[in-house]
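Source file: upload.txt; contents: compact mmCIF, C-alpha atoms and all ligand atoms.
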# COMPACT_ATOMS: atom_id res chain seq x y z
CA MET A 1 47.74 133.44 69.65
CA PRO A 2 48.84 136.63 67.89
CA SER A 3 49.33 134.61 64.70
CA SER A 4 49.46 137.52 62.25
CA ALA A 5 52.36 139.18 64.09
CA LEU A 6 54.24 135.91 64.47
CA ALA A 7 53.59 134.92 60.85
CA ALA A 8 54.87 138.30 59.63
CA TYR A 9 57.89 137.97 61.93
CA ARG A 10 58.72 134.52 60.57
CA GLN A 11 58.46 135.83 57.02
CA LEU A 12 60.88 138.60 57.93
CA LEU A 13 63.33 136.04 59.35
CA THR A 14 63.10 134.03 56.14
CA ARG A 15 63.93 137.14 54.11
CA ILE A 16 66.90 138.00 56.36
CA ASP A 17 68.23 134.45 56.10
CA ALA A 18 67.92 134.54 52.32
CA PHE A 19 69.81 137.85 52.27
CA ALA A 20 72.53 136.44 54.54
CA ALA A 21 72.84 133.31 52.38
CA LYS A 22 73.22 135.45 49.27
CA THR A 23 75.88 137.55 51.01
CA ARG A 24 77.77 134.45 52.08
CA GLN A 25 77.57 133.05 48.57
CA ARG A 26 78.87 136.29 47.13
CA LEU A 27 81.63 136.97 49.66
CA GLY A 28 82.56 133.44 50.71
CA GLU A 29 85.40 133.24 53.21
CA GLN A 30 85.47 137.02 53.58
CA LEU A 31 82.49 136.54 55.88
CA TYR A 32 84.18 135.07 58.93
CA CYS A 33 80.95 134.46 60.93
CA ARG A 34 80.75 130.73 61.65
CA PRO A 35 79.82 128.22 64.38
CA GLY A 36 81.97 128.86 67.45
CA CYS A 37 82.43 132.58 66.72
CA ALA A 38 80.22 134.05 69.44
CA GLY A 39 81.70 137.46 70.21
CA CYS A 40 78.35 139.08 69.36
CA CYS A 41 76.40 136.97 71.85
CA THR A 42 76.19 139.49 74.64
CA HIS A 43 74.07 142.52 75.55
CA ILE A 44 71.22 141.26 73.35
CA GLY A 45 67.83 142.93 73.74
CA VAL A 46 64.81 141.90 71.70
CA LEU A 47 61.38 143.28 70.88
CA PRO A 48 58.33 141.55 72.37
CA VAL A 49 57.38 139.83 69.10
CA GLU A 50 60.86 138.30 69.02
CA ALA A 51 60.50 137.32 72.66
CA LEU A 52 57.22 135.58 71.95
CA ALA A 53 58.78 133.64 69.06
CA LEU A 54 61.73 132.69 71.26
CA SER A 55 59.64 131.51 74.22
CA GLY A 56 57.42 129.60 71.77
CA ALA A 57 60.45 127.87 70.25
CA LEU A 58 61.63 126.91 73.72
CA ALA A 59 58.21 125.55 74.65
CA GLU A 60 58.23 123.39 71.52
CA ALA A 61 61.83 122.18 71.95
CA PRO A 62 62.51 118.57 72.97
CA PRO A 63 62.46 118.12 76.78
CA PRO A 64 66.25 117.53 77.13
CA LEU A 65 66.95 120.79 75.31
CA ARG A 66 64.38 122.64 77.41
CA GLU A 67 66.14 121.33 80.51
CA ARG A 68 69.56 122.51 79.25
CA VAL A 69 68.18 125.97 78.61
CA ARG A 70 66.52 126.03 82.02
CA LYS A 71 69.85 125.19 83.67
CA ARG A 72 71.63 127.88 81.69
CA LEU A 73 68.94 130.39 82.64
CA ALA A 74 69.59 129.60 86.28
CA ASN A 75 73.35 129.93 85.90
CA THR A 76 73.81 132.85 83.51
CA ALA A 77 74.35 136.28 84.96
CA GLY A 78 74.56 139.81 83.61
CA ASP A 79 74.37 140.45 79.90
CA ASP A 80 75.64 137.06 78.76
CA CYS A 81 73.12 135.22 76.62
CA PRO A 82 71.73 132.16 78.41
CA LEU A 83 71.38 130.37 75.08
CA LEU A 84 75.12 130.35 74.48
CA GLU A 85 76.66 127.01 75.38
CA GLN A 86 80.24 126.22 74.38
CA ASN A 87 80.05 129.11 71.94
CA LEU A 88 77.03 127.64 70.14
CA CYS A 89 73.42 128.82 70.23
CA LEU A 90 71.02 126.33 71.81
CA LEU A 91 68.07 127.74 69.83
CA TYR A 92 69.91 128.76 66.69
CA ASP A 93 66.95 128.37 64.33
CA ALA A 94 64.85 130.64 66.56
CA ARG A 95 67.53 133.28 67.24
CA PRO A 96 66.29 136.87 67.01
CA VAL A 97 66.88 139.38 64.24
CA ILE A 98 70.00 140.98 65.69
CA CYS A 99 71.70 137.58 65.88
CA ARG A 100 71.00 137.04 62.19
CA THR A 101 72.32 140.39 61.02
CA GLN A 102 75.42 140.95 63.16
CA GLY A 103 78.50 140.55 61.03
CA LEU A 104 76.75 141.40 57.76
CA PRO A 105 77.58 144.71 56.09
CA LEU A 106 74.95 147.05 57.58
CA LEU A 107 73.93 150.47 56.36
CA VAL A 108 73.55 152.46 59.58
CA GLY A 109 73.04 156.06 60.68
CA SER A 110 71.07 158.73 58.86
CA GLY A 111 71.62 161.66 56.50
CA GLU A 112 75.28 162.52 56.07
CA GLU A 113 76.10 160.13 58.89
CA ARG A 114 75.11 157.10 56.78
CA ARG A 115 77.89 154.56 56.77
CA ILE A 116 78.52 150.86 56.33
CA ASP A 117 79.33 148.98 59.51
CA PHE A 118 80.44 145.38 59.99
CA CYS A 119 82.37 143.10 62.32
CA PRO A 120 86.12 143.81 62.12
CA LEU A 121 86.74 140.07 61.66
CA ASN A 122 84.94 140.24 58.33
CA PHE A 123 85.99 141.48 54.88
CA ARG A 124 89.61 142.02 55.81
CA GLY A 125 90.82 141.35 52.30
CA LEU A 126 88.36 143.64 50.52
CA ASP A 127 88.78 147.29 49.50
CA SER A 128 85.07 147.74 48.81
CA LEU A 129 81.78 145.88 49.11
CA PRO A 130 79.19 145.35 46.39
CA GLY A 131 76.02 147.32 47.18
CA GLU A 132 73.72 144.31 46.95
CA VAL A 133 75.28 142.68 50.03
CA VAL A 134 74.67 145.72 52.25
CA LEU A 135 71.62 145.46 54.48
CA ASP A 136 69.70 148.67 55.22
CA LEU A 137 69.39 148.30 58.98
CA ASP A 138 67.08 151.27 59.44
CA ARG A 139 64.57 149.89 56.94
CA LEU A 140 64.79 146.43 58.50
CA ASN A 141 64.18 147.87 61.95
CA GLN A 142 61.18 149.83 60.68
CA THR A 143 59.64 146.62 59.39
CA LEU A 144 60.38 144.83 62.65
CA VAL A 145 58.84 147.65 64.69
CA ALA A 146 55.71 147.59 62.49
CA ILE A 147 55.36 143.84 63.07
CA ASN A 148 55.90 144.35 66.77
CA LEU A 149 53.09 146.92 66.77
CA LEU A 150 50.71 144.24 65.47
CA LEU A 151 51.46 142.28 68.62
CA GLY A 152 51.09 145.40 70.74
CA GLU A 153 47.62 146.03 69.35
CA LYS A 154 46.62 142.44 70.06
CA LEU A 155 47.90 142.63 73.63
CA LYS A 156 46.22 145.97 74.16
CA ARG A 157 42.88 144.45 73.20
CA GLU A 158 43.58 141.80 75.87
CA GLY A 159 44.39 144.50 78.40
CA ILE A 160 48.06 143.49 78.54
CA ARG A 161 50.83 146.06 78.68
CA MET A 162 53.67 145.27 76.29
CA PRO A 163 57.25 145.92 77.46
CA GLU A 164 59.58 147.87 75.16
CA ARG A 165 62.42 145.37 75.06
CA LEU A 166 63.45 142.21 76.87
CA ARG A 167 66.79 140.58 77.52
CA VAL A 168 67.05 137.06 76.09
CA ALA A 169 66.77 135.62 79.61
CA GLU A 170 63.48 137.48 80.04
CA ALA A 171 62.29 136.67 76.53
CA LEU A 172 62.65 132.93 77.01
CA VAL A 173 60.08 132.92 79.78
CA TRP A 174 57.81 135.66 78.43
CA ASN A 175 54.32 134.40 77.71
CA PRO A 176 51.93 137.31 78.29
CA LEU A 177 48.78 135.61 77.03
CA ALA A 178 49.25 132.65 79.37
CA ALA A 179 49.85 135.06 82.24
CA ALA A 180 46.56 136.78 81.39
CA GLY A 181 44.81 133.45 81.68
S1 LIG A 201 70.21 133.95 70.90
FE1 LIG A 201 71.83 132.59 70.16
S2 LIG A 201 72.88 133.75 68.53
FE2 LIG A 201 71.67 135.22 69.75
S3 LIG A 201 73.04 136.03 71.35
FE3 LIG A 201 72.00 134.23 72.22
S4 LIG A 201 73.38 132.50 71.82
FE4 LIG A 201 74.00 134.18 70.45
Final C-alpha cells representation of the file:
Amino acid sequence: MPSSALAAYRQLLTRIDAFAAKTRQRLGEQLYCRPGCAGCCTHIGVLPVEALALSGALAEAPPPLRERVRKRLANTAGDDCPLLEQNLCLLYDARPVICRTQGLPLLVGSGEERRIDFCPLNFRGLDSLPGEVVLDLDRLNQTLVAINLLLGEKLKREGIRMPERLRVAEALVWNPLAAAG
C-alpha cells in the first residue's frame, strides 16, 4: 500500500478538521454548516489519493453500510454524490478535502484577485471576519497536490497510470493496486 501518501493525507485531514473546529468555536452559529445541510454535495471531484482513502474506507466499513453505498452507487446518476442519503454523508469521517472546507471562509484567487469566499448561508450577521479563521485554499491545494504526487510516484513504479481526478462514484471503486494484481 502507498502508506506514506495515505499517512500524509490523513495528517492533512486532521489539520483541516482542527482548523474547522477552531473556526466553529470562534464563529459559533454564524457558521450555518450542519447535518442535513447538503447543498455542497454535488459536482465533487477528488484527487487519486483522496479516492484511494475513500475506497479504503468503504472496504473497511461494516457490511450493511457497504451494501447501502453499493445500492446508492447503482441508483445515483449525474453529478449527485452517491454517498448522500437523506442529506447525510454515508462516509462522513472519510469525506474528501473539499467536503471539509466548503462553507469555511476561503482565501481564493491570486494577486490582486485574492478574495475571501464562503457559502452565502454563513456569516450573515458579520461585517468582517477575523484573519485566523480564513483558510488559504491555494496553499492547502498545493499541499494536497504534493501528497497526491507521492501516490503518483508509487503507482508509476508499479507501471500504473494515475488519473487526474475522479468523481466520488468512481473514487469509491478505485483500487489501482488490486487491479494491477
Ligand atoms: S462525500 Fe459526503 S460530504 Fe462529500 S459530497 Fe459526498 S455526501 Fe457530501
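Proximity of A:Leu144, A:Leu151, A:Ile116, A:Leu104 to Thr23 in chain A, computed with only C-alpha atoms, is greatest for A:Leu104.
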I'd like a table as CSV: residues in chain A with an atom no more than 6 Å from ligand LIG 201 (chain A), each row giving the shortest atom pair and its distance in Å to one decimal, all atoms listed in the file counted, sorted by chain and rising residue number.
residue,atom,partner,partner_atom,distance
A:Cys41,CA,A:LIG201,S3,3.5
A:Thr42,CA,A:LIG201,S3,5.7
A:Ile44,CA,A:LIG201,S3,5.9
A:Cys81,CA,A:LIG201,FE3,4.6
A:Leu83,CA,A:LIG201,S4,4.4
A:Leu84,CA,A:LIG201,S4,3.8
A:Cys89,CA,A:LIG201,S4,4.0
A:Tyr92,CA,A:LIG201,FE1,5.5
A:Arg95,CA,A:LIG201,S1,4.6
A:Cys99,CA,A:LIG201,FE2,4.5
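In terms of minimum interatomic distance to Ala20 in chain A, A:Cys33 ranks closest within A:Val108, A:Cys33, A:Met162, A:Ala77, counting all atoms listed in the file.
Interatomic distance, CA of Glu158 in chain A against CA of Gln142 in chain A: 24.6 Å.
Proximity of A:Leu90, A:Val69, A:Ala57, A:Gly131 to Arg26 in chain A, computed with all atoms listed in the file, is greatest for A:Gly131.
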Using only C-alpha atoms, the best pick from A:Ala61, A:Asp93, A:Arg100, A:Ala169 as closest to Ala21 in chain A would be A:Arg100
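Remark: for Pro48 in chain A, the closest of the candidate residues A:Glu67, A:Glu132, A:Glu170, A:Glu164 is A:Glu164 (distances computed over all atoms listed in the file).
Coordinates place CA of Leu12 in chain A at a distance of 16.4 Å from CA of Leu106 in chain A.
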Atom pair CA of Gly28 in chain A + CA of Tyr9 in chain A, distance 27.5 Å
Between A:Leu172, A:Leu177, A:Val134, A:Phe123, smallest distance to Arg66 in chain A by only C-alpha atoms belongs to A:Leu172
